$ cat protein16.cif   # mmCIF, C-alpha atoms and all ligand atoms
data_my_file
loop_
_atom_site.label_atom_id
_atom_site.label_comp_id
_atom_site.auth_asym_id
_atom_site.auth_seq_id
_atom_site.Cartn_x
_atom_site.Cartn_y
_atom_site.Cartn_z
CA MET A 1 15.19 -2.65 28.35
CA GLU A 2 18.32 -3.65 26.41
CA LYS A 3 21.49 -3.47 28.50
CA GLN A 4 24.29 -1.38 27.00
CA LYS A 5 27.52 -3.10 25.92
CA ILE A 6 30.57 -2.29 27.99
CA ASN A 7 32.81 0.23 26.24
CA ALA A 8 35.82 2.42 27.00
CA ALA A 9 33.62 4.96 28.79
CA THR A 10 32.26 2.26 31.13
CA VAL A 11 35.78 1.06 32.01
CA ARG A 12 37.09 4.59 32.48
CA ALA A 13 34.18 5.50 34.78
CA ASP A 14 34.76 2.32 36.82
CA PHE A 15 38.45 3.17 37.29
CA ASN A 16 37.59 6.78 38.21
CA ALA A 17 35.13 5.58 40.88
CA LEU A 18 35.97 5.74 44.60
CA PRO A 19 36.46 2.00 45.37
CA SER A 20 38.95 1.71 42.52
CA ILE A 21 40.79 4.91 43.51
CA ILE A 22 41.19 3.60 47.07
CA HIS A 23 42.24 0.13 45.90
CA TYR A 24 44.91 1.21 43.40
CA THR A 25 46.18 4.13 45.50
CA ARG A 26 46.67 1.83 48.48
CA ALA A 27 48.56 -0.65 46.29
CA ALA A 28 50.77 2.13 44.94
CA HIS A 29 51.58 3.37 48.45
CA GLU A 30 51.92 0.04 50.24
CA LEU A 31 52.54 -2.83 47.84
CA GLY A 32 54.91 -1.56 45.18
CA LEU A 33 56.46 -3.82 42.54
CA TRP A 34 55.90 -7.55 42.69
CA LYS A 35 59.03 -9.71 42.84
CA SER A 36 58.19 -11.19 39.41
CA GLU A 37 57.75 -7.72 37.88
CA ARG A 38 61.11 -6.61 39.21
CA ILE A 39 62.87 -9.72 37.87
CA LEU A 40 61.45 -9.27 34.36
CA ILE A 41 61.90 -5.50 34.29
CA GLU A 42 65.57 -5.81 35.22
CA ARG A 43 66.04 -8.66 32.72
CA TYR A 44 64.41 -6.94 29.74
CA PHE A 45 65.18 -3.27 30.50
CA PRO A 46 68.91 -3.38 31.29
CA ASN A 47 69.43 0.28 30.31
CA ARG A 48 68.07 2.48 33.11
CA GLU A 49 68.65 5.63 31.03
CA ALA A 50 66.35 4.53 28.19
CA PRO A 51 63.07 6.43 27.84
CA LEU A 52 60.31 4.08 29.02
CA LEU A 53 56.58 4.31 28.52
CA GLU A 54 54.17 2.83 31.05
CA ALA A 55 50.61 2.35 29.81
CA GLY A 56 47.71 2.06 32.28
CA CYS A 57 49.88 3.28 35.17
CA GLY A 58 46.88 3.76 37.48
CA ALA A 59 47.90 5.34 40.78
CA GLY A 60 51.59 4.71 40.03
CA ARG A 61 52.33 1.37 41.72
CA VAL A 62 54.70 0.25 38.94
CA THR A 63 55.81 3.76 37.99
CA ILE A 64 57.16 4.54 41.45
CA GLY A 65 58.68 1.05 41.63
CA LEU A 66 60.52 1.74 38.37
CA TRP A 67 61.68 5.12 39.66
CA GLN A 68 63.03 3.51 42.83
CA LEU A 69 64.96 0.99 40.72
CA GLY A 70 66.71 3.90 39.00
CA TYR A 71 64.62 4.25 35.81
CA HIS A 72 64.31 8.01 35.72
CA ASN A 73 63.40 8.67 32.07
CA LEU A 74 59.76 7.74 32.55
CA THR A 75 56.51 8.67 30.88
CA ALA A 76 53.38 7.08 32.35
CA PHE A 77 49.81 7.41 31.17
CA ASP A 78 46.32 6.29 32.05
CA PHE A 79 42.89 7.30 30.80
CA ALA A 80 41.47 7.53 34.36
CA GLU A 81 42.34 11.07 35.40
CA GLU A 82 41.49 10.43 39.08
CA LEU A 83 44.19 7.74 39.20
CA ILE A 84 46.68 10.00 37.41
CA ASP A 85 46.03 12.64 40.12
CA GLN A 86 46.89 10.03 42.76
CA ALA A 87 50.02 8.96 40.85
CA ARG A 88 51.20 12.59 40.59
CA SER A 89 50.73 13.16 44.29
CA LEU A 90 52.57 9.94 45.21
CA ALA A 91 55.40 10.91 42.84
CA ALA A 92 55.71 14.29 44.57
CA GLU A 93 55.81 12.56 47.96
CA ARG A 94 58.56 10.14 46.81
CA ASN A 95 60.69 12.80 45.06
CA ALA A 96 59.82 11.40 41.66
CA ASP A 97 58.42 14.65 40.25
CA ALA A 98 60.44 14.14 37.07
CA VAL A 99 58.08 11.38 35.92
CA ARG A 100 55.89 12.71 33.10
CA PHE A 101 52.28 11.68 33.84
CA VAL A 102 49.75 12.04 31.05
CA VAL A 103 46.03 11.37 30.70
CA ALA A 104 45.71 9.38 27.47
CA ASP A 105 43.86 6.45 25.93
CA ALA A 106 46.10 3.56 24.89
CA THR A 107 44.04 2.93 21.76
CA ASP A 108 44.82 6.39 20.38
CA LEU A 109 48.04 8.05 21.47
CA LYS A 110 48.02 10.53 18.57
CA THR A 111 46.02 13.06 20.54
CA CYS A 112 48.81 13.41 23.09
CA HIS A 113 51.88 15.32 21.90
CA LEU A 114 53.99 14.14 24.88
CA LEU A 115 53.65 10.59 23.60
CA ASP A 116 54.14 11.43 19.97
CA ASP A 117 57.32 13.46 19.83
CA LYS A 118 59.78 10.77 20.94
CA LEU A 119 60.51 7.09 20.44
CA PHE A 120 60.53 4.99 23.60
CA GLY A 121 63.15 2.36 24.38
CA GLY A 122 60.52 0.08 25.91
CA ALA A 123 56.93 -0.10 27.07
CA LEU A 124 54.98 -1.73 29.90
CA PHE A 125 51.26 -2.41 30.35
CA MET A 126 51.26 -4.15 33.74
CA PHE A 127 48.62 -5.91 35.79
CA ASN A 128 46.25 -6.75 32.96
CA GLY A 129 45.46 -3.19 31.84
CA LEU A 130 45.56 -4.24 28.17
CA MET A 131 42.89 -6.89 28.88
CA GLN A 132 40.64 -4.22 30.36
CA ILE A 133 40.11 -2.74 26.92
CA PRO A 134 36.79 -4.04 25.58
CA GLY A 135 36.89 -5.44 22.03
CA LYS A 136 39.64 -7.37 20.26
CA GLU A 137 40.18 -4.66 17.64
CA ASN A 138 40.60 -2.03 20.36
CA ARG A 139 43.20 -4.17 22.17
CA ARG A 140 45.02 -4.56 18.87
CA SER A 141 44.88 -0.78 18.35
CA ALA A 142 46.57 -0.32 21.73
CA LEU A 143 49.28 -2.84 20.78
CA ARG A 144 49.74 -1.02 17.44
CA GLU A 145 49.99 2.36 19.16
CA LEU A 146 52.63 1.11 21.59
CA HIS A 147 54.50 -0.41 18.63
CA ARG A 148 54.35 2.91 16.75
CA VAL A 149 55.82 4.96 19.62
CA CYS A 150 58.62 2.49 20.41
CA ALA A 151 62.08 2.38 18.84
CA GLY A 152 63.32 -0.67 16.91
CA ASP A 153 63.88 -3.78 19.06
CA ALA A 154 62.17 -2.18 22.09
CA PRO A 155 60.62 -4.67 24.55
CA LEU A 156 57.01 -4.61 25.68
CA ILE A 157 55.97 -6.33 28.94
CA PHE A 158 52.37 -6.98 29.87
CA THR A 159 50.25 -9.53 31.71
CA THR A 160 47.03 -11.44 31.06
CA HIS A 161 44.80 -13.80 33.03
CA ASP A 162 44.73 -17.14 31.23
CA ARG A 163 41.27 -18.46 30.46
CA ASP A 164 42.44 -22.06 30.43
CA TYR A 165 45.07 -22.09 33.15
CA SER A 166 43.41 -24.29 35.78
CA GLU A 167 40.79 -27.04 35.69
CA THR A 168 38.45 -24.78 37.71
CA GLU A 169 38.81 -22.05 35.09
CA ARG A 170 38.26 -24.50 32.24
CA GLU A 171 35.12 -25.78 33.96
CA LEU A 172 33.78 -22.22 34.37
CA TRP A 173 34.49 -21.41 30.74
CA ARG A 174 32.81 -24.61 29.52
CA ALA A 175 29.65 -23.43 31.30
CA GLU A 176 30.12 -19.94 29.82
CA THR A 177 30.49 -21.44 26.30
CA LYS A 178 27.09 -23.07 26.71
CA ARG A 179 25.57 -19.73 27.78
CA TRP A 180 27.02 -18.02 24.65
CA VAL A 181 25.74 -20.83 22.40
CA ARG A 182 22.26 -20.35 23.86
CA GLY A 183 22.57 -16.55 23.74
CA GLU A 184 22.17 -16.39 27.52
CA GLN A 185 25.45 -14.61 28.37
CA ASP A 186 25.51 -11.28 30.23
CA PRO A 187 24.28 -8.95 27.46
CA ARG A 188 26.78 -6.27 28.50
CA LEU A 189 29.74 -8.47 27.46
CA VAL A 190 31.36 -7.72 24.11
CA GLU A 191 33.06 -11.04 23.32
CA PHE A 192 33.46 -14.57 24.61
CA GLY A 193 36.20 -14.43 27.26
CA ASP A 194 34.88 -11.19 28.80
CA ARG A 195 33.97 -10.86 32.46
CA TYR A 196 32.32 -7.98 34.29
CA PHE A 197 32.25 -8.34 38.06
CA GLU A 198 32.19 -6.34 41.26
CA ASP A 199 34.35 -6.73 44.37
CA GLU A 200 36.15 -4.51 46.88
CA ALA A 201 38.00 -2.79 44.00
CA GLY A 202 34.68 -1.75 42.45
CA ARG A 203 33.38 -2.87 39.05
CA THR A 204 35.92 -4.54 36.80
CA PHE A 205 35.79 -5.42 33.13
CA MET A 206 38.37 -8.01 32.07
CA HIS A 207 38.90 -9.99 28.90
CA LEU A 208 40.45 -13.40 29.62
CA PRO A 209 42.26 -14.71 26.55
CA ASP A 210 43.85 -18.02 25.79
CA ARG A 211 47.51 -18.14 24.80
CA ARG A 212 46.84 -18.46 21.06
CA GLU A 213 44.70 -15.33 21.02
CA ILE A 214 47.53 -13.22 22.45
CA LEU A 215 50.02 -14.66 19.98
CA GLU A 216 47.64 -13.67 17.14
CA ASP A 217 47.11 -10.17 18.58
CA LEU A 218 50.86 -9.60 18.91
CA ALA A 219 51.46 -10.74 15.32
CA ALA A 220 48.64 -8.50 14.03
CA ALA A 221 50.25 -5.50 15.74
CA GLY A 222 53.80 -6.25 14.57
CA TRP A 223 55.21 -7.45 17.91
CA ARG A 224 57.47 -10.52 18.07
CA PRO A 225 56.74 -12.64 21.19
CA THR A 226 59.97 -13.48 22.99
CA PHE A 227 58.90 -14.79 26.41
CA ASP A 228 55.82 -15.88 28.29
CA ALA A 229 55.38 -17.68 31.60
CA MET A 230 53.01 -17.87 34.52
CA ARG A 231 53.91 -15.64 37.45
CA THR A 232 54.62 -18.60 39.75
CA GLU A 233 57.28 -19.73 37.26
CA VAL A 234 59.01 -16.35 37.58
CA ALA A 235 58.90 -15.83 41.37
CA GLN A 236 57.23 -16.82 44.60
CA GLU A 237 55.14 -13.81 45.59
CA SER A 238 54.27 -12.64 49.11
CA ARG A 239 50.84 -13.25 50.60
CA ALA A 240 50.06 -9.53 50.15
CA VAL A 241 50.78 -9.68 46.41
CA ARG A 242 48.76 -12.88 46.02
CA ALA A 243 45.85 -11.23 47.85
CA PHE A 244 46.07 -8.21 45.51
CA SER A 245 46.28 -10.22 42.32
CA ASP A 246 45.56 -13.78 41.16
CA GLU A 247 47.97 -15.83 39.12
CA CYS A 248 48.67 -14.28 35.72
CA ARG A 249 50.79 -14.81 32.61
CA PHE A 250 53.67 -12.47 31.85
CA TRP A 251 54.35 -11.66 28.22
CA VAL A 252 57.42 -10.06 26.67
CA ALA A 253 57.46 -9.09 23.00
CA HIS A 254 59.95 -7.14 20.93
CA LYS A 255 59.37 -4.67 18.12
C1 LIG A 301 44.35 -3.17 36.80
S1 LIG A 301 44.72 -1.49 36.66
C2 LIG A 301 46.47 -1.48 36.96
C3 LIG A 301 46.98 -0.16 37.45
C4 LIG A 301 48.49 -0.14 37.76
N1 LIG A 301 49.28 -0.44 36.56
C5 LIG A 301 48.78 -1.16 38.84
O1 LIG A 301 49.39 -2.19 38.53
O2 LIG A 301 48.42 -0.91 40.00
C6 LIG A 301 44.64 -1.21 34.90
C7 LIG A 301 44.81 0.24 34.51
O3 LIG A 301 44.71 0.34 33.08
C8 LIG A 301 44.03 1.54 32.77
N2 LIG A 301 43.46 1.44 31.42
C9 LIG A 301 42.54 0.55 30.99
N3 LIG A 301 42.24 0.80 29.69
C10 LIG A 301 42.99 1.87 29.32
C11 LIG A 301 43.13 2.60 28.11
N4 LIG A 301 42.41 2.30 27.03
N5 LIG A 301 44.00 3.63 28.08
C12 LIG A 301 44.72 3.97 29.17
N6 LIG A 301 44.62 3.32 30.35
C13 LIG A 301 43.77 2.29 30.42
C14 LIG A 301 42.98 1.67 33.86
O4 LIG A 301 42.49 2.98 33.99
C15 LIG A 301 43.76 1.18 35.08
O5 LIG A 301 44.39 2.23 35.76
#

$ encode --input "protein16.cif" --output "structure tokens" --more "lines below"
Ligand SMILES: C[S@@+](CC[C@H](N)C(=O)[O-])C[C@H]1O[C@@H](n2cnc3c(N)ncnc32)[C@H](O)[C@@H]1O
Amino acid sequence: MEKQKINAATVRADFNALPSIIHYTRAAHELGLWKSERILIERYFPNREAPLLEAGCGAGRVTIGLWQLGYHNLTAFDFAEELIDQARSLAAERNADAVRFVVADATDLKTCHLLDDKLFGGALFMFNGLMQIPGKENRRSALRELHRVCAGDAPLIFTTHDRDYSETERELWRAETKRWVRGEQDPRLVEFGDRYFEDEAGRTFMHLPDRREILEDLAAAGWRPTFDAMRTEVAQESRAVRAFSDECRFWVAHK
């Protein structure tokens, strides 16, 4: 029987599943913002009054971190409604009820009036959420949608996992290239660079790009890249953060 390709419905169902709810809710309650995230947020979002849009907010780890830093004009969305429920309840617990939480798909924000009737002063898509959208054109749609709802010169911050960061990674991807050439890759994958794996956070789809791919995607969506660096170049993270998330690349682009 032919295995179905991973699509938005697969990813959404995986994020709405119990292991993922527990994993991201725990991180929102206990971990909060990473040091590197805080440094870049404060550097690129100097105006705490500006309306900000957080895409793929999950259970609110970054949202509540932003609120605690004094960013109170916040709209946060995710397409996994179970995670949005968790984010809303954490916001209520932390007196951050004023955050507007919305269930929406980053690739099509037109269906959500809350996201369409104002221009945001900046946007965030943290912890690789953008790379969890299967299909290059869909990722570009998300970048275009964020561009459309942002005001002129607004910054966008997001992260990716580099495919070619370490020798170990390069070795793994050389083997994967051979599988694709022979047509022996996991048939559920959409494109070279995709991974679909299972761990304590449940099932995870992730596209791992190289740097050039992201530069092309940003250009195709009208974003001007202004900064990128590996997380270790931005800050030394705690053991808890490193256990939660591997090394990643931060990207900042401007409209
Ligand atoms: C790795 S989690 C990060 C969650 C949260 N930002 C954090 O750092 O804990 C990625 C999030 O992106 C969301 N996501 C993925 N694709 C999405 C899409 N097309 N539209 C909206 N949210 C999406 C997932 O549901 C998930 O909550």

$ residues_near_ligand --input "protein16.cif" --ligand "ligand LIG 301 (chain A)" --cutoff "6 Å" --atoms "all atoms listed in the file" --output "list in words"
Arg12, Phe15, Tyr24, Gly56, Cys57, Gly58, Arg61, Val62, Asp78, Phe79, Ala80, Ala104, Asp105, Ala106, Thr107, Met126, Phe127, Asn128, Gly129, Gln132 and Ile133 of chain A

$ residues_around --input "protein16.cif" --residues "Ala28 in chain A" --least-positions-apart "6" --cutoff "9 Å" --atoms "all atoms listed in the file" --output "PyMOL selection string"
chain A and resi 58-65+87+90

$ atom_distance --input "protein16.cif" --atom1 "CA of Pro51 in chain A" --atom2 "CA of Arg26 in chain A"
26.8 Å

$ atom_distance --input "protein16.cif" --atom1 "CA of Ala151 in chain A" --atom2 "CA of Met131 in chain A"
23.6 Å

$ closest_residue --input "protein16.cif" --among "A:Arg139, A:His29, A:His161, A:Arg38" --to "Asp210 in chain A" --atoms "all atoms listed in the file"
A:His161

$ residues_around --input "protein16.cif" --residues "Arg212 in chain A" --least-positions-apart "3" --cutoff "12 Å" --atoms "only C-alpha atoms" --output "PyMOL selection string"
chain A and resi 162-164+208-209+215-219+225+228

$ write_last_selection --input "protein16.cif" --atoms "C-alpha atoms" --output "PDB file, keeping the file's coordinate frame"
ATOM      1  CA  ASP A 162      44.730 -17.140  31.230  1.00  0.00           C
ATOM      2  CA  ARG A 163      41.270 -18.460  30.460  1.00  0.00           C
ATOM      3  CA  ASP A 164      42.440 -22.060  30.430  1.00  0.00           C
ATOM      4  CA  LEU A 208      40.450 -13.400  29.620  1.00  0.00           C
ATOM      5  CA  PRO A 209      42.260 -14.710  26.550  1.00  0.00           C
ATOM      6  CA  LEU A 215      50.020 -14.660  19.980  1.00  0.00           C
ATOM      7  CA  GLU A 216      47.640 -13.670  17.140  1.00  0.00           C
ATOM      8  CA  ASP A 217      47.110 -10.170  18.580  1.00  0.00           C
ATOM      9  CA  LEU A 218      50.860  -9.600  18.910  1.00  0.00           C
ATOM     10  CA  ALA A 219      51.460 -10.740  15.320  1.00  0.00           C
ATOM     11  CA  PRO A 225      56.740 -12.640  21.190  1.00  0.00           C
ATOM     12  CA  ASP A 228      55.820 -15.880  28.290  1.00  0.00           C
TER      13      ASP A 228
END

$ closest_residue --input "protein16.cif" --among "A:Ile21, A:Cys112, A:Leu189, A:Met230" --to "Pro134 in chain A" --atoms "all atoms listed in the file"
A:Leu189

$ closest_residue --input "protein16.cif" --among "A:Glu171, A:Leu130, A:Ser238, A:Ala154" --to "Val11 in chain A" --atoms "all atoms listed in the file"
A:Leu130

$ decode --input "protein16.cif" --residues "range 19-33 of chain A" --atoms "all heavy atoms" --output "JSON list (two decimals), in the first residue's frame"
[["chain", "number", "residue", "atom", "x", "y", "z"],
["A", 19, "PRO", "N", 1.42, 13.58, 23.45],
["A", 19, "PRO", "CA", 2.84, 13.78, 23.79],
["A", 19, "PRO", "C", 3.32, 15.19, 23.46],
["A", 19, "PRO", "O", 4.09, 15.79, 24.20],
["A", 19, "PRO", "CB", 3.57, 12.74, 22.91],
["A", 19, "PRO", "CG", 2.52, 11.77, 22.49],
["A", 19, "PRO", "CD", 1.20, 12.47, 22.50],
["A", 20, "SER", "N", 2.82, 15.73, 22.35],
["A", 20, "SER", "CA", 3.22, 17.09, 21.96],
["A", 20, "SER", "C", 2.61, 18.13, 22.90],
["A", 20, "SER", "O", 3.28, 19.09, 23.31],
["A", 20, "SER", "CB", 2.79, 17.32, 20.50],
["A", 20, "SER", "OG", 2.50, 18.66, 20.28],
["A", 21, "ILE", "N", 1.35, 17.92, 23.27],
["A", 21, "ILE", "CA", 0.70, 18.87, 24.20],
["A", 21, "ILE", "C", 1.49, 18.93, 25.50],
["A", 21, "ILE", "O", 1.81, 20.00, 26.02],
["A", 21, "ILE", "CB", -0.77, 18.47, 24.48],
["A", 21, "ILE", "CG1", -1.58, 18.46, 23.19],
["A", 21, "ILE", "CG2", -1.40, 19.42, 25.50],
["A", 21, "ILE", "CD1", -2.98, 17.89, 23.35],
["A", 22, "ILE", "N", 1.85, 17.76, 26.02],
["A", 22, "ILE", "CA", 2.60, 17.71, 27.29],
["A", 22, "ILE", "C", 3.96, 18.40, 27.12],
["A", 22, "ILE", "O", 4.36, 19.24, 27.93],
["A", 22, "ILE", "CB", 2.78, 16.25, 27.77],
["A", 22, "ILE", "CG1", 1.41, 15.66, 28.13],
["A", 22, "ILE", "CG2", 3.74, 16.16, 28.95],
["A", 22, "ILE", "CD1", 1.42, 14.17, 28.40],
["A", 23, "HIS", "N", 4.64, 18.07, 26.04],
["A", 23, "HIS", "CA", 5.99, 18.60, 25.81],
["A", 23, "HIS", "C", 5.99, 20.14, 25.71],
["A", 23, "HIS", "O", 6.77, 20.81, 26.40],
["A", 23, "HIS", "CB", 6.52, 17.99, 24.50],
["A", 23, "HIS", "CG", 7.91, 18.34, 24.16],
["A", 23, "HIS", "ND1", 9.00, 17.82, 24.82],
["A", 23, "HIS", "CD2", 8.41, 19.19, 23.23],
["A", 23, "HIS", "CE1", 10.11, 18.32, 24.31],
["A", 23, "HIS", "NE2", 9.78, 19.15, 23.34],
["A", 24, "TYR", "N", 5.12, 20.68, 24.88],
["A", 24, "TYR", "CA", 5.15, 22.14, 24.67],
["A", 24, "TYR", "C", 4.52, 22.91, 25.82],
["A", 24, "TYR", "O", 4.91, 24.04, 26.11],
["A", 24, "TYR", "CB", 4.52, 22.49, 23.31],
["A", 24, "TYR", "CG", 5.43, 22.04, 22.19],
["A", 24, "TYR", "CD1", 5.17, 20.88, 21.48],
["A", 24, "TYR", "CD2", 6.61, 22.72, 21.93],
["A", 24, "TYR", "CE1", 6.04, 20.42, 20.50],
["A", 24, "TYR", "CE2", 7.49, 22.27, 20.95],
["A", 24, "TYR", "CZ", 7.20, 21.12, 20.24],
["A", 24, "TYR", "OH", 8.08, 20.68, 19.30],
["A", 25, "THR", "N", 3.55, 22.27, 26.51],
["A", 25, "THR", "CA", 2.94, 22.95, 27.66],
["A", 25, "THR", "C", 3.96, 23.02, 28.80],
["A", 25, "THR", "O", 4.12, 24.07, 29.45],
["A", 25, "THR", "CB", 1.67, 22.21, 28.12],
["A", 25, "THR", "OG1", 0.77, 22.15, 27.01],
["A", 25, "THR", "CG2", 1.00, 22.92, 29.28],
["A", 26, "ARG", "N", 4.69, 21.94, 29.00],
["A", 26, "ARG", "CA", 5.72, 21.94, 30.04],
["A", 26, "ARG", "C", 6.77, 23.01, 29.74],
["A", 26, "ARG", "O", 7.17, 23.77, 30.62],
["A", 26, "ARG", "CB", 6.36, 20.56, 30.11],
["A", 26, "ARG", "CG", 7.31, 20.41, 31.25],
["A", 26, "ARG", "CD", 7.79, 18.99, 31.39],
["A", 26, "ARG", "NE", 6.78, 18.10, 31.94],
["A", 26, "ARG", "CZ", 6.80, 16.78, 31.80],
["A", 26, "ARG", "NH1", 7.75, 16.20, 31.13],
["A", 26, "ARG", "NH2", 5.86, 16.05, 32.34],
["A", 27, "ALA", "N", 7.18, 23.11, 28.49],
["A", 27, "ALA", "CA", 8.19, 24.12, 28.12],
["A", 27, "ALA", "C", 7.65, 25.53, 28.35],
["A", 27, "ALA", "O", 8.38, 26.42, 28.79],
["A", 27, "ALA", "CB", 8.59, 23.94, 26.66],
["A", 28, "ALA", "N", 6.37, 25.72, 28.06],
["A", 28, "ALA", "CA", 5.78, 27.06, 28.25],
["A", 28, "ALA", "C", 5.73, 27.41, 29.74],
["A", 28, "ALA", "O", 5.97, 28.55, 30.14],
["A", 28, "ALA", "CB", 4.39, 27.10, 27.64],
["A", 29, "HIS", "N", 5.43, 26.41, 30.57],
["A", 29, "HIS", "CA", 5.32, 26.67, 32.01],
["A", 29, "HIS", "C", 6.68, 26.80, 32.67],
["A", 29, "HIS", "O", 6.87, 27.62, 33.55],
["A", 29, "HIS", "CB", 4.54, 25.53, 32.69],
["A", 29, "HIS", "CG", 3.06, 25.64, 32.52],
["A", 29, "HIS", "ND1", 2.20, 25.93, 33.55],
["A", 29, "HIS", "CD2", 2.29, 25.50, 31.41],
["A", 29, "HIS", "CE1", 0.95, 25.97, 33.08],
["A", 29, "HIS", "NE2", 0.99, 25.71, 31.78],
["A", 30, "GLU", "N", 7.64, 25.94, 32.22],
["A", 30, "GLU", "CA", 8.87, 25.82, 33.01],
["A", 30, "GLU", "C", 10.10, 26.44, 32.37],
["A", 30, "GLU", "O", 11.01, 26.87, 33.07],
["A", 30, "GLU", "CB", 9.15, 24.33, 33.29],
["A", 30, "GLU", "CG", 8.09, 23.71, 34.17],
["A", 30, "GLU", "CD", 8.20, 22.19, 34.23],
["A", 30, "GLU", "OE1", 9.19, 21.64, 33.73],
["A", 30, "GLU", "OE2", 7.26, 21.57, 34.78],
["A", 31, "LEU", "N", 10.15, 26.46, 31.04],
["A", 31, "LEU", "CA", 11.40, 26.86, 30.39],
["A", 31, "LEU", "C", 11.42, 28.34, 30.03],
["A", 31, "LEU", "O", 12.39, 29.05, 30.28],
["A", 31, "LEU", "CB", 11.59, 26.00, 29.12],
["A", 31, "LEU", "CG", 12.97, 25.96, 28.53],
["A", 31, "LEU", "CD1", 13.96, 25.33, 29.50],
["A", 31, "LEU", "CD2", 12.96, 25.16, 27.22],
["A", 32, "GLY", "N", 10.36, 28.80, 29.43],
["A", 32, "GLY", "CA", 10.28, 30.21, 29.04],
["A", 32, "GLY", "C", 11.23, 30.55, 27.90],
["A", 32, "GLY", "O", 11.71, 29.66, 27.19],
["A", 33, "LEU", "N", 11.53, 31.84, 27.75],
["A", 33, "LEU", "CA", 12.39, 32.29, 26.65],
["A", 33, "LEU", "C", 13.81, 31.81, 26.83],
["A", 33, "LEU", "O", 14.34, 31.79, 27.94],
["A", 33, "LEU", "CB", 12.45, 33.83, 26.64],
["A", 33, "LEU", "CG", 11.33, 34.62, 25.97],
["A", 33, "LEU", "CD1", 11.67, 36.10, 26.00],
["A", 33, "LEU", "CD2", 11.08, 34.15, 24.54]]
